[in-house]
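Asker: File model-v7.cif follows (mmCIF, C-alpha atoms):
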data_entry
loop_
_atom_site.label_atom_id
_atom_site.label_comp_id
_atom_site.auth_asym_id
_atom_site.auth_seq_id
_atom_site.Cartn_x
_atom_site.Cartn_y
_atom_site.Cartn_z
CA MET Y 1 1.80 172.48 -172.45
CA ARG Y 2 2.61 172.50 -168.76
CA ASN Y 3 -0.67 170.70 -168.04
CA LEU Y 4 0.13 168.10 -170.69
CA ILE Y 5 3.56 167.44 -169.16
CA HIS Y 6 1.94 167.11 -165.75
CA VAL Y 7 -0.60 164.60 -167.09
CA LEU Y 8 2.10 162.56 -168.83
CA PHE Y 9 4.19 162.52 -165.64
CA VAL Y 10 1.25 161.29 -163.57
CA LEU Y 11 0.45 158.65 -166.18
CA PHE Y 12 4.08 157.50 -166.31
CA SER Y 13 4.26 157.34 -162.51
CA PHE Y 14 1.06 155.29 -162.40
CA ILE Y 15 2.40 152.82 -164.99
CA VAL Y 16 5.70 152.39 -163.17
CA PHE Y 17 3.94 151.94 -159.84
CA SER Y 18 1.52 149.41 -161.33
CA CYS Y 19 4.36 147.44 -162.92
CA GLU Y 20 6.15 147.36 -159.61
CA GLU Y 21 3.04 146.13 -157.86
CA LYS Y 22 2.06 143.52 -160.48
CA GLN Y 23 3.45 141.23 -163.11
CA ASP Y 24 1.52 141.35 -166.38
CA ASN Y 25 0.94 137.62 -166.68
CA GLU Y 26 -0.06 137.02 -163.07
CA VAL Y 27 -2.73 139.60 -162.15
CA TRP Y 28 -6.18 140.75 -163.11
CA PRO Y 29 -6.46 143.51 -165.73
CA PRO Y 30 -7.60 146.55 -163.74
CA ASN Y 31 -11.14 147.77 -164.30
CA TYR Y 32 -10.67 151.50 -163.87
CA SER Y 33 -14.39 152.20 -164.16
CA ALA Y 34 -15.32 149.88 -161.27
CA GLU Y 35 -12.28 149.55 -159.05
CA GLU Y 36 -12.83 147.29 -156.04
CA PRO Y 37 -11.37 148.08 -152.59
CA ARG Y 38 -7.81 146.89 -152.10
CA PRO Y 39 -7.66 143.47 -150.34
CA VAL Y 40 -6.03 143.33 -146.94
CA ILE Y 41 -4.17 140.36 -145.41
CA THR Y 42 -4.36 140.01 -141.64
CA LYS Y 43 -3.08 136.46 -141.13
CA ILE Y 44 -1.75 133.45 -143.06
CA TYR Y 45 -1.39 130.02 -141.51
CA PRO Y 46 -1.13 126.37 -142.67
CA ASP Y 47 -3.82 123.80 -142.10
CA PRO Y 48 -2.67 121.67 -139.11
CA ALA Y 49 -3.69 118.55 -141.05
CA THR Y 50 -1.09 119.28 -143.73
CA SER Y 51 1.81 120.64 -141.71
CA ASP Y 52 4.24 119.47 -139.08
CA GLN Y 53 4.27 120.40 -135.39
CA ASN Y 54 6.10 123.63 -136.17
CA ALA Y 55 3.24 124.78 -138.42
CA VAL Y 56 5.36 124.76 -141.56
CA SER Y 57 3.35 124.09 -144.70
CA PHE Y 58 4.40 121.42 -147.18
CA ALA Y 59 5.37 122.86 -150.55
CA GLY Y 60 3.14 121.74 -153.42
CA VAL Y 61 0.59 119.95 -151.24
CA GLY Y 62 0.12 122.04 -148.11
CA ILE Y 63 -3.18 123.83 -147.51
CA VAL Y 64 -2.89 127.48 -146.48
CA TYR Y 65 -5.57 129.74 -144.99
CA ILE Y 66 -5.44 133.48 -145.66
CA GLU Y 67 -7.56 135.76 -143.45
CA GLY Y 68 -8.30 139.35 -144.37
CA GLN Y 69 -10.75 141.64 -146.11
CA ASN Y 70 -12.00 142.54 -149.58
CA PHE Y 71 -11.14 139.22 -151.23
CA SER Y 72 -13.30 138.04 -154.11
CA SER Y 73 -16.05 135.71 -152.91
CA THR Y 74 -15.49 133.37 -155.89
CA VAL Y 75 -12.67 130.85 -156.22
CA ASN Y 76 -11.74 132.06 -159.70
CA GLY Y 77 -11.75 135.66 -158.52
CA ASN Y 78 -8.52 135.34 -156.54
CA ARG Y 79 -4.93 134.59 -157.44
CA VAL Y 80 -2.40 133.70 -154.77
CA HIS Y 81 1.31 133.48 -155.59
CA PHE Y 82 4.07 131.99 -153.45
CA ASP Y 83 7.41 133.49 -154.46
CA GLY Y 84 5.84 134.28 -157.82
CA LYS Y 85 4.38 130.81 -158.45
CA LEU Y 86 0.62 130.48 -158.64
CA GLY Y 87 -1.12 128.40 -155.97
CA GLU Y 88 -4.52 126.72 -156.31
CA THR Y 89 -7.41 128.56 -154.65
CA LEU Y 90 -9.80 125.93 -153.31
CA GLU Y 91 -12.37 127.97 -151.38
CA ALA Y 92 -13.06 131.68 -151.14
CA SER Y 93 -15.05 134.27 -149.24
CA THR Y 94 -14.48 137.98 -148.80
CA THR Y 95 -12.61 137.33 -145.54
CA LEU Y 96 -11.00 133.89 -145.97
CA LEU Y 97 -9.16 132.03 -148.73
CA LYS Y 98 -8.20 128.35 -148.70
CA VAL Y 99 -5.26 127.73 -151.02
CA ARG Y 100 -3.02 124.81 -151.96
CA MET Y 101 0.59 125.95 -152.05
CA SER Y 102 2.68 126.01 -155.17
CA ASN Y 103 5.84 123.93 -155.02
CA VAL Y 104 8.18 126.45 -153.38
CA TRP Y 105 9.82 126.30 -149.98
CA GLY Y 106 11.99 128.31 -147.62
CA ASP Y 107 11.88 130.30 -144.38
CA SER Y 108 10.83 133.59 -145.95
CA VAL Y 109 8.40 132.86 -148.78
CA LYS Y 110 6.56 135.94 -150.11
CA VAL Y 111 2.80 135.57 -150.56
CA HIS Y 112 0.96 137.91 -152.97
CA VAL Y 113 -2.83 137.98 -153.09
CA ASN Y 114 -4.68 139.59 -155.97
CA SER Y 115 -8.47 139.78 -156.28
CA ALA Y 116 -10.56 140.62 -159.32
CA GLY Y 117 -11.29 144.32 -159.71
CA ALA Y 118 -8.59 145.53 -157.36
CA ILE Y 119 -5.69 147.39 -158.93
CA LEU Y 120 -3.15 146.58 -156.22
CA TYR Y 121 -1.98 143.44 -154.48
CA ALA Y 122 -3.39 142.86 -151.00
CA ASP Y 123 -1.89 145.02 -148.29
CA TYR Y 124 -0.11 143.54 -145.30
CA ASN Y 125 1.24 146.05 -142.76
CA GLY Y 126 1.95 148.60 -145.46
CA GLN Y 127 3.56 146.25 -147.99
CA HIS Y 128 2.03 144.49 -151.00
CA TYR Y 129 2.88 140.94 -149.90
CA TYR Y 130 2.91 138.77 -146.79
CA SER Y 131 6.31 137.60 -145.56
CA PRO Y 132 7.95 135.70 -144.06
CA PHE Y 133 5.94 132.52 -144.56
CA ARG Y 134 7.64 129.19 -143.87
CA ALA Y 135 7.26 126.24 -146.23
CA LYS Y 136 9.05 122.90 -146.25
CA ASN Y 137 10.09 120.67 -149.15
CA ALA Y 138 7.99 117.53 -148.68
CA VAL Y 139 9.95 115.37 -151.14
CA PRO Y 140 13.71 115.91 -150.84
CA THR Y 141 15.80 113.65 -153.05
CA TYR Y 142 18.94 111.89 -151.85
CA PHE Y 143 22.04 113.83 -152.84
CA ALA Y 144 24.17 110.67 -152.92
CA ILE Y 145 22.03 108.99 -155.62
CA ASP Y 146 22.32 110.81 -158.93
CA GLN Y 147 21.61 109.87 -162.54
CA ASP Y 148 24.89 107.96 -162.81
CA ILE Y 149 24.12 105.64 -159.89
CA ASP Y 150 21.58 102.91 -160.65
CA VAL Y 151 20.27 101.38 -157.42
CA SER Y 152 17.68 98.70 -156.70
CA GLY Y 153 15.94 97.55 -153.56
CA LEU Y 154 15.09 99.69 -150.56
CA ALA Y 155 15.28 99.04 -146.83
CA VAL Y 156 14.96 101.41 -143.87
CA ASP Y 157 16.17 100.66 -140.34
CA ALA Y 158 14.85 101.92 -136.99
CA ASN Y 159 17.07 105.01 -137.19
CA GLU Y 160 15.77 106.02 -140.64
CA ASN Y 161 18.95 104.93 -142.40
CA VAL Y 162 18.27 103.91 -146.00
CA TYR Y 163 19.89 100.94 -147.78
CA VAL Y 164 20.08 100.23 -151.53
CA LEU Y 165 22.11 97.99 -153.88
CA THR Y 166 24.23 99.35 -156.75
CA LEU Y 167 25.15 97.69 -160.05
CA GLU Y 168 28.69 97.52 -158.64
CA LYS Y 169 27.38 95.02 -156.03
CA LYS Y 170 27.77 97.54 -153.23
CA ILE Y 171 25.14 97.92 -150.53
CA LEU Y 172 24.98 101.61 -149.62
CA LYS Y 173 23.83 103.13 -146.36
CA ILE Y 174 22.57 106.75 -146.37
CA SER Y 175 21.51 108.50 -143.18
CA HIS Y 176 19.85 111.65 -144.60
CA PRO Y 177 18.91 113.12 -147.98
CA ASP Y 178 21.85 115.53 -147.72
CA SER Y 179 24.35 112.93 -146.45
CA PRO Y 180 26.98 111.06 -148.47
CA ALA Y 181 26.56 107.32 -148.95
CA VAL Y 182 28.81 104.88 -147.12
CA GLU Y 183 29.43 101.26 -148.04
CA TYR Y 184 27.54 98.93 -145.74
CA GLY Y 185 28.43 95.60 -147.35
CA ASP Y 186 28.92 93.65 -150.58
CA ALA Y 187 26.57 91.50 -152.63
CA ILE Y 188 27.23 88.68 -155.08
CA PHE Y 189 24.58 89.99 -157.48
CA ILE Y 190 23.84 93.38 -159.05
CA VAL Y 191 20.05 93.76 -158.69
CA THR Y 192 17.61 92.90 -155.92
CA PRO Y 193 13.81 93.00 -156.24
CA CYS Y 194 13.41 93.41 -152.47
CA MET Y 195 15.42 94.26 -149.35
CA ARG Y 196 14.21 94.20 -145.74
CA ILE Y 197 15.70 94.85 -142.34
CA GLY Y 198 15.30 91.71 -140.23
CA PRO Y 199 14.60 91.28 -136.50
CA ASP Y 200 18.26 90.30 -136.08
CA SER Y 201 19.32 93.66 -137.63
CA LEU Y 202 20.63 91.88 -140.74
CA ILE Y 203 19.56 92.92 -144.22
CA TYR Y 204 17.51 90.28 -146.05
CA MET Y 205 17.65 90.29 -149.87
CA THR Y 206 16.21 88.37 -152.80
CA ARG Y 207 17.39 88.03 -156.40
CA GLY Y 208 14.32 86.50 -158.06
CA THR Y 209 15.48 82.91 -157.65
CA LYS Y 210 14.76 80.38 -154.91
CA SER Y 211 17.58 81.79 -152.78
CA LEU Y 212 17.28 84.18 -149.83
CA TYR Y 213 20.36 86.11 -148.68
CA THR Y 214 21.42 88.04 -145.61
CA VAL Y 215 24.25 90.49 -145.05
CA ALA Y 216 25.70 92.08 -141.93
CA GLU Y 217 27.46 95.43 -141.81
CA GLY Y 218 30.95 95.15 -143.25
CA GLY Y 219 30.21 91.71 -144.66
CA LYS Y 220 29.13 90.00 -147.84
CA THR Y 221 25.78 88.47 -148.78
CA LYS Y 222 25.35 84.91 -147.58
CA LYS Y 223 22.74 82.44 -148.78
CA LEU Y 224 20.36 81.71 -145.92
CA ILE Y 225 17.91 79.25 -147.48
CA SER Y 226 16.51 77.91 -150.74
CA TYR Y 227 12.72 78.21 -150.93
CA ASN Y 228 10.51 75.63 -152.61
CA ASN Y 229 9.82 78.08 -155.45
CA ASN Y 230 11.22 81.28 -156.93
CA VAL Y 231 10.72 84.35 -154.72
CA ALA Y 232 11.27 88.08 -155.17
CA GLN Y 233 9.15 89.90 -152.55
CA ILE Y 234 9.45 89.35 -148.78
CA ASP Y 235 8.01 90.63 -145.52
CA PHE Y 236 7.99 89.66 -141.82
CA ASP Y 237 5.03 89.08 -139.52
CA GLU Y 238 4.85 89.75 -135.79
CA ASN Y 239 6.10 86.22 -135.02
CA LYS Y 240 9.22 86.86 -137.14
CA ASN Y 241 8.11 84.48 -139.86
CA LEU Y 242 9.27 85.61 -143.30
CA PHE Y 243 6.75 85.40 -146.14
CA ALA Y 244 7.93 85.38 -149.73
CA GLY Y 245 6.53 85.20 -153.24
CA GLY Y 246 7.56 85.69 -156.85
CA LYS Y 247 7.40 83.79 -160.13
CA GLY Y 248 6.86 80.51 -158.30
CA GLU Y 249 3.07 81.13 -158.18
CA THR Y 250 3.03 80.48 -154.43
CA LEU Y 251 3.40 82.16 -151.07
CA GLU Y 252 6.20 80.66 -149.02
CA VAL Y 253 6.95 81.06 -145.33
CA LEU Y 254 10.31 80.75 -143.61
CA LYS Y 255 9.25 79.66 -140.14
CA ASN Y 256 10.93 81.38 -137.24
CA SER Y 257 10.29 78.37 -135.01
CA ASP Y 258 12.51 75.89 -136.86
CA GLY Y 259 13.97 77.69 -139.90
CA THR Y 260 12.14 75.54 -142.43
CA ASP Y 261 10.29 76.66 -145.56
CA GLU Y 262 6.72 75.71 -146.36
CA THR Y 263 4.36 76.58 -149.19
CA VAL Y 264 1.32 78.14 -147.49
CA ALA Y 265 -0.74 79.47 -150.44
CA GLU Y 266 -0.95 78.85 -154.17
CA TYR Y 267 -1.83 81.27 -156.95
CA PRO Y 268 -1.56 79.24 -160.18
CA GLY Y 269 -0.62 81.33 -163.20
CA TYR Y 270 0.33 84.43 -161.21
CA THR Y 271 3.61 86.17 -160.42
CA ILE Y 272 3.68 88.02 -157.10
CA THR Y 273 5.02 91.54 -157.75
CA ALA Y 274 4.57 93.17 -154.32
CA LEU Y 275 3.99 91.84 -150.82
CA ARG Y 276 3.21 93.35 -147.42
CA VAL Y 277 2.03 92.01 -144.07
CA TYR Y 278 -0.65 94.12 -142.37
CA ASP Y 279 -3.06 93.52 -139.49
CA GLY Y 280 -2.83 89.74 -139.53
CA TYR Y 281 -2.91 89.28 -143.30
CA VAL Y 282 -0.40 88.80 -146.09
CA TYR Y 283 -1.31 91.10 -148.99
CA ALA Y 284 0.08 90.37 -152.44
CA ALA Y 285 -0.15 92.15 -155.77
CA MET Y 286 0.13 89.76 -158.70
CA LYS Y 287 0.12 89.53 -162.49
CA TYR Y 288 -1.17 86.73 -164.69
CA ASN Y 289 1.93 85.28 -166.37
CA ARG Y 290 0.58 82.72 -168.84
CA LEU Y 291 0.49 83.65 -172.52
CA PRO Y 292 -2.04 82.69 -175.21
CA GLY Y 293 -0.60 80.26 -177.74
CA VAL Y 294 2.36 79.55 -175.46
CA ASP Y 295 0.97 78.02 -172.28
CA ILE Y 296 -1.34 75.08 -172.72
CA ASP Y 297 -3.31 76.03 -169.59
CA TYR Y 298 -3.77 79.69 -170.52
CA ASP Y 299 -7.02 81.08 -169.10
CA SER Y 300 -8.59 83.78 -171.28
CA THR Y 301 -10.95 84.76 -168.41
CA ALA Y 302 -8.17 85.38 -165.89
CA VAL Y 303 -7.80 88.86 -164.40
CA LEU Y 304 -4.49 90.27 -165.66
CA GLU Y 305 -3.48 92.05 -162.46
CA GLU Y 306 -5.05 92.11 -159.01
CA ILE Y 307 -4.47 92.16 -155.25
CA TRP Y 308 -5.22 89.25 -152.94
CA ARG Y 309 -4.70 88.50 -149.27
CA ASN Y 310 -4.43 85.52 -146.91
CA GLN Y 311 -5.08 85.56 -143.19
CA ILE Y 312 -2.21 84.48 -140.93
CA LEU Y 313 -3.70 81.70 -138.80
CA ASP Y 314 -1.00 80.88 -136.25
CA VAL Y 315 2.51 81.56 -134.94
CA ASP Y 316 4.05 79.34 -137.64
CA GLY Y 317 2.65 81.45 -140.47
CA ASN Y 318 0.07 79.05 -141.83
CA LEU Y 319 -2.39 80.91 -144.04
CA GLY Y 320 -6.11 80.87 -144.63
CA PRO Y 321 -7.79 80.72 -148.05
CA ASN Y 322 -7.12 83.21 -150.84
CA GLU Y 323 -9.28 86.34 -150.49
CA HIS Y 324 -9.73 88.75 -153.37
CA VAL Y 325 -9.10 92.42 -152.54
CA PHE Y 326 -9.01 94.49 -155.74
CA ASN Y 327 -9.14 94.02 -159.50
CA TRP Y 328 -6.35 96.38 -160.55
CA SER Y 329 -6.50 95.76 -164.30
CA GLY Y 330 -10.24 96.37 -164.20
CA PHE Y 331 -9.54 99.71 -162.56
CA VAL Y 332 -6.72 101.01 -164.79
CA GLY Y 333 -7.65 99.17 -167.98
CA GLU Y 334 -5.85 96.47 -169.93
CA ASN Y 335 -3.00 98.78 -170.94
CA GLY Y 336 -2.86 100.75 -167.70
CA PRO Y 337 0.07 101.12 -165.30
CA GLU Y 338 1.34 98.07 -163.44
CA ILE Y 339 1.69 97.64 -159.69
CA LEU Y 340 5.33 97.81 -158.63
CA SER Y 341 5.02 98.15 -154.86
CA LEU Y 342 2.54 98.44 -152.02
CA THR Y 343 2.49 99.36 -148.35
CA PHE Y 344 0.14 100.55 -145.58
CA ASP Y 345 -0.07 103.48 -143.22
CA GLU Y 346 -1.13 103.21 -139.58
CA SER Y 347 -4.79 103.83 -140.45
CA GLY Y 348 -4.92 100.86 -142.83
CA GLU Y 349 -4.76 102.85 -146.05
CA MET Y 350 -3.10 100.87 -148.83
CA TYR Y 351 -0.58 102.76 -150.97
CA ILE Y 352 -0.01 101.27 -154.43
CA GLY Y 353 3.13 102.28 -156.32
CA GLN Y 354 2.61 102.47 -160.09
CA SER Y 355 4.89 101.90 -163.07
CA ARG Y 356 3.78 105.05 -164.92
CA ASP Y 357 1.22 107.88 -165.05
CA GLU Y 358 0.40 108.78 -161.44
CA ALA Y 359 2.82 107.71 -158.72
CA ILE Y 360 0.80 106.25 -155.83
CA TYR Y 361 -2.86 105.25 -155.62
CA MET Y 362 -4.59 105.18 -152.22
CA LEU Y 363 -7.03 102.29 -152.40
CA ASN Y 364 -9.40 103.12 -149.54
CA ALA Y 365 -9.51 106.84 -150.27
CA GLY Y 366 -9.91 106.23 -154.00
CA THR Y 367 -7.48 109.00 -154.86
CA TYR Y 368 -3.83 109.63 -155.65
CA PHE Y 369 -1.24 110.52 -153.03
CA TYR Y 370 0.60 113.84 -153.47
CA PRO Y 371 -0.10 113.93 -157.23
CA GLN Y 372 1.14 117.52 -157.42
CA ILE Y 373 4.72 116.59 -156.47
CA LEU Y 374 5.19 112.85 -157.04
CA ASP Y 375 5.53 110.96 -160.31
CA ALA Y 376 6.07 107.37 -161.41
CA PRO Y 377 7.69 104.91 -161.35
CA VAL Y 378 7.46 103.93 -157.69
CA THR Y 379 9.55 100.78 -157.88
CA SER Y 380 10.09 100.30 -154.15
CA LEU Y 381 7.97 101.84 -151.43
CA THR Y 382 8.44 101.60 -147.67
CA TRP Y 383 7.79 103.58 -144.49
CA GLY Y 384 10.33 104.41 -141.86
CA ASN Y 385 9.51 104.36 -138.16
CA GLY Y 386 7.48 107.55 -138.31
CA ASN Y 387 5.95 109.80 -140.93
CA PHE Y 388 8.57 109.42 -143.67
CA LEU Y 389 7.66 107.39 -146.75
CA TYR Y 390 10.63 106.30 -148.90
CA ILE Y 391 10.58 105.72 -152.66
CA ASN Y 392 13.17 104.21 -154.98
CA LYS Y 393 12.39 105.24 -158.56
CA HIS Y 394 14.48 102.48 -160.15
CA SER Y 395 14.56 102.88 -163.93
CA ASP Y 396 16.66 102.20 -167.02
CA ASP Y 397 16.19 105.88 -167.84
CA PRO Y 398 18.86 107.85 -165.93
CA THR Y 399 16.77 111.03 -166.05
CA VAL Y 400 14.00 109.32 -164.10
CA ARG Y 401 15.69 107.30 -161.40
CA THR Y 402 16.14 108.81 -157.99
CA LEU Y 403 15.71 108.10 -154.29
CA VAL Y 404 13.12 110.19 -152.46
CA ARG Y 405 12.01 110.74 -148.87
CA VAL Y 406 8.40 111.90 -148.61
CA GLU Y 407 7.28 113.74 -145.49
CA THR Y 408 3.65 112.99 -144.65
CA THR Y 409 1.18 113.76 -141.88
CA ILE Y 410 0.65 110.14 -140.85
CA ASN Y 411 2.87 107.30 -139.68
CA GLY Y 412 3.38 104.05 -141.51
CA ALA Y 413 1.94 100.76 -140.33
CA ILE Y 414 4.02 98.63 -137.98
CA TYR Y 415 6.88 96.82 -139.69
CA TYR Y 416 7.82 93.71 -137.74
CA GLY Y 417 11.35 93.39 -139.11
CA ARG Y 418 12.74 96.29 -137.12
#
Turn the structure described in the file into structure tokens.

Answerer:
Amino acid sequence: MRNLIHVLFVLFSFIVFSCEEKQDNEVWPPNYSAEEPRPVITKIYPDPATSDQNAVSFAGVGIVYIEGQNFSSTVNGNRVHFDGKLGETLEASTTLLKVRMSNVWGDSVKVHVNSAGAILYADYNGQHYYSPFRAKNAVPTYFAIDQDIDVSGLAVDANENVYVLTLEKKILKISHPDSPAVEYGDAIFIVTPCMRIGPDSLIYMTRGTKSLYTVAEGGKTKKLISYNNNVAQIDFDENKNLFAGGKGETLEVLKNSDGTDETVAEYPGYTITALRVYDGYVYAAMKYNRLPGVDIDYDSTAVLEEIWRNQILDVDGNLGPNEHVFNWSGFVGENGPEILSLTFDESGEMYIGQSRDEAIYMLNAGTYFYPQILDAPVTSLTWGNGNFLYINKHSDDPTVRTLVRVETTINGAIYYGR
């Protein structure tokens, strides 16, 4: 009887210890007949390519290296948890694991490593987890913009201040994701397809008509010019010319030299939905806007959505011929997501903001940007002066819309308006 009590006590102690060391739904079932040596962690560090200068990994997308001993040599033979949330093991050997972080952040994240066949979590200096490990939230949302505040447009100045327009015709200025919004100025309309900071430090805004507006801090929007055709999207070149396009089926330029407007490219049948100047070219995303049975000149062979560009030929913003860049509808399919925005980073990578499904497609890389932590829609997309990428998720659905600052490992392309 005494031996039986002793056996039961040992068994109970083992169960309690095992439960303390592991969570049932997160570890490997122990193989008592072939127990592997307990893994050992000696060092954990983020990949420099996916972290900032302080070596803090980005939650959800950061790559982490774990050095040690007795890991499983197969990817599926290891489980790595960050504060209890499973990461994605990408590569494995008995001494090194490469893992994508789960979406957790903080200054003292606990990292548990479990390998197939081992009963206990990996040891680190006598404890069954590694801590503290630092991880940063890569996509903080703006506290001042909640579900009850519907904002359109997006502009960022040289000091990383963000500007948006509310349905109450207020232009808001927000200095940081955790900062309150302050009123910058007033508008005479409630929605803007595009906002830009200009070389004169004014905010330039469109409303989908022929009119272009500016507003200074503390002021009200003023009409600057009427273009030849309707415009919605705008961007500056290095000579301070302002290119514009929209439902007018043309690219317009507001010349810096004399303040006049000129039509510099034509795209019959197409509405320009996004526009960006990069490396001497004007890039434009566009949709075919003529309907069968409605428009007499409907073209059944026309590509439904695509990206084109025109070379900037001189200081007055005259453009070269239309050059095809990418057949978007051929890529996503006839009923695929639409292009809502586009921009470039300093390496020339094009980022395409989508209406649904994935958030941002990287054209040159042929992959999606931060798919683990970003989702659509990406209505407005713009870089700041450094490595912050800003997104306005403008939507009729209050549960979707938000304003986000994305921390990246690369700077945006030069923006000539700042």

Asker: When the PyMOL selection byres ((chain Y and resi 348) around 10) is applied to the structure above, which residues does it catch, written out as a list of chain:residue names?

Answerer: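 With the shown file as input, the PyMOL selection byres ((chain Y and resi 348) around 10) matches Y:Tyr278, Y:Asp279, Y:Thr343, Y:Phe344, Y:Asp345, Y:Glu346, Y:Ser347, Y:Glu349, Y:Met350, Y:Tyr351, Y:Leu363, Y:Asn364, Y:Gly412, Y:Ala413.
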
Asker: For this structure, which residues satisfy the selection - the PyMOL selection byres ((chain Y and resi 95) around 7) - when it is evaluated on the file as given? I want them as a list in words.

Answerer: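 Going through the file, the PyMOL selection byres ((chain Y and resi 95) around 7) ends up selecting Glu67, Gly68, Gln69, Asn70, Phe71, Ser93, Thr94 and Leu96 of chain Y.
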
Asker: Going by the chain IDs and residue numbers used in this file, which residues fall under the PyMOL selection byres ((chain Y and resi 209) around 10)? Write them as a PDB file with C-alpha atoms, in the frame of the given file.

Answerer:
ATOM      1  CA  THR Y 206      16.210  88.370-152.800  1.00  0.00           C
ATOM      2  CA  ARG Y 207      17.390  88.030-156.400  1.00  0.00           C
ATOM      3  CA  GLY Y 208      14.320  86.500-158.060  1.00  0.00           C
ATOM      4  CA  LYS Y 210      14.760  80.380-154.910  1.00  0.00           C
ATOM      5  CA  SER Y 211      17.580  81.790-152.780  1.00  0.00           C
ATOM      6  CA  LEU Y 212      17.280  84.180-149.830  1.00  0.00           C
ATOM      7  CA  SER Y 226      16.510  77.910-150.740  1.00  0.00           C
ATOM      8  CA  TYR Y 227      12.720  78.210-150.930  1.00  0.00           C
ATOM      9  CA  ASN Y 229       9.820  78.080-155.450  1.00  0.00           C
ATOM     10  CA  ASN Y 230      11.220  81.280-156.930  1.00  0.00           C
ATOM     11  CA  VAL Y 231      10.720  84.350-154.720  1.00  0.00           C
ATOM     12  CA  ALA Y 232      11.270  88.080-155.170  1.00  0.00           C
ATOM     13  CA  GLY Y 246       7.560  85.690-156.850  1.00  0.00           C
ATOM     14  CA  LYS Y 247       7.400  83.790-160.130  1.00  0.00           C
ATOM     15  CA  GLY Y 248       6.860  80.510-158.300  1.00  0.00           C
TER      16      GLY Y 248
END

Asker: Within 9 Å of (3.1, 128.8, -158.8) (file coordinates; all atoms listed in the file), which protein or nucleic acid residues are there? I'd like them as a ChimeraX atom specification.

Answerer: /Y:60,80-88,101-104

Asker: Restricting the calculation to only C-alpha atoms, which member of Y:Leu224, Y:Ile44, Y:Leu291, Y:Ala59 is positioned closest to Y:Asp261?

Answerer: Y:Leu224

Asker: I'd like the neighbourhood of Y:Val264 as number ranges by chain, where a residue qualifies if any of its atoms comes within 8 Å (using only C-alpha atoms), though same-chain residues fewer than 2 positions away should be ignored.

Answerer: Y: 250-253, 262, 266, 317-319

Asker: Which residues are close to Y:Met205, i.e. within 8 Å by only C-alpha atoms, leaving aside same-chain residues fewer than 2 positions away? Reply as a ChimeraX atom specification.

Answerer: /Y:192-196,203,207,212-214
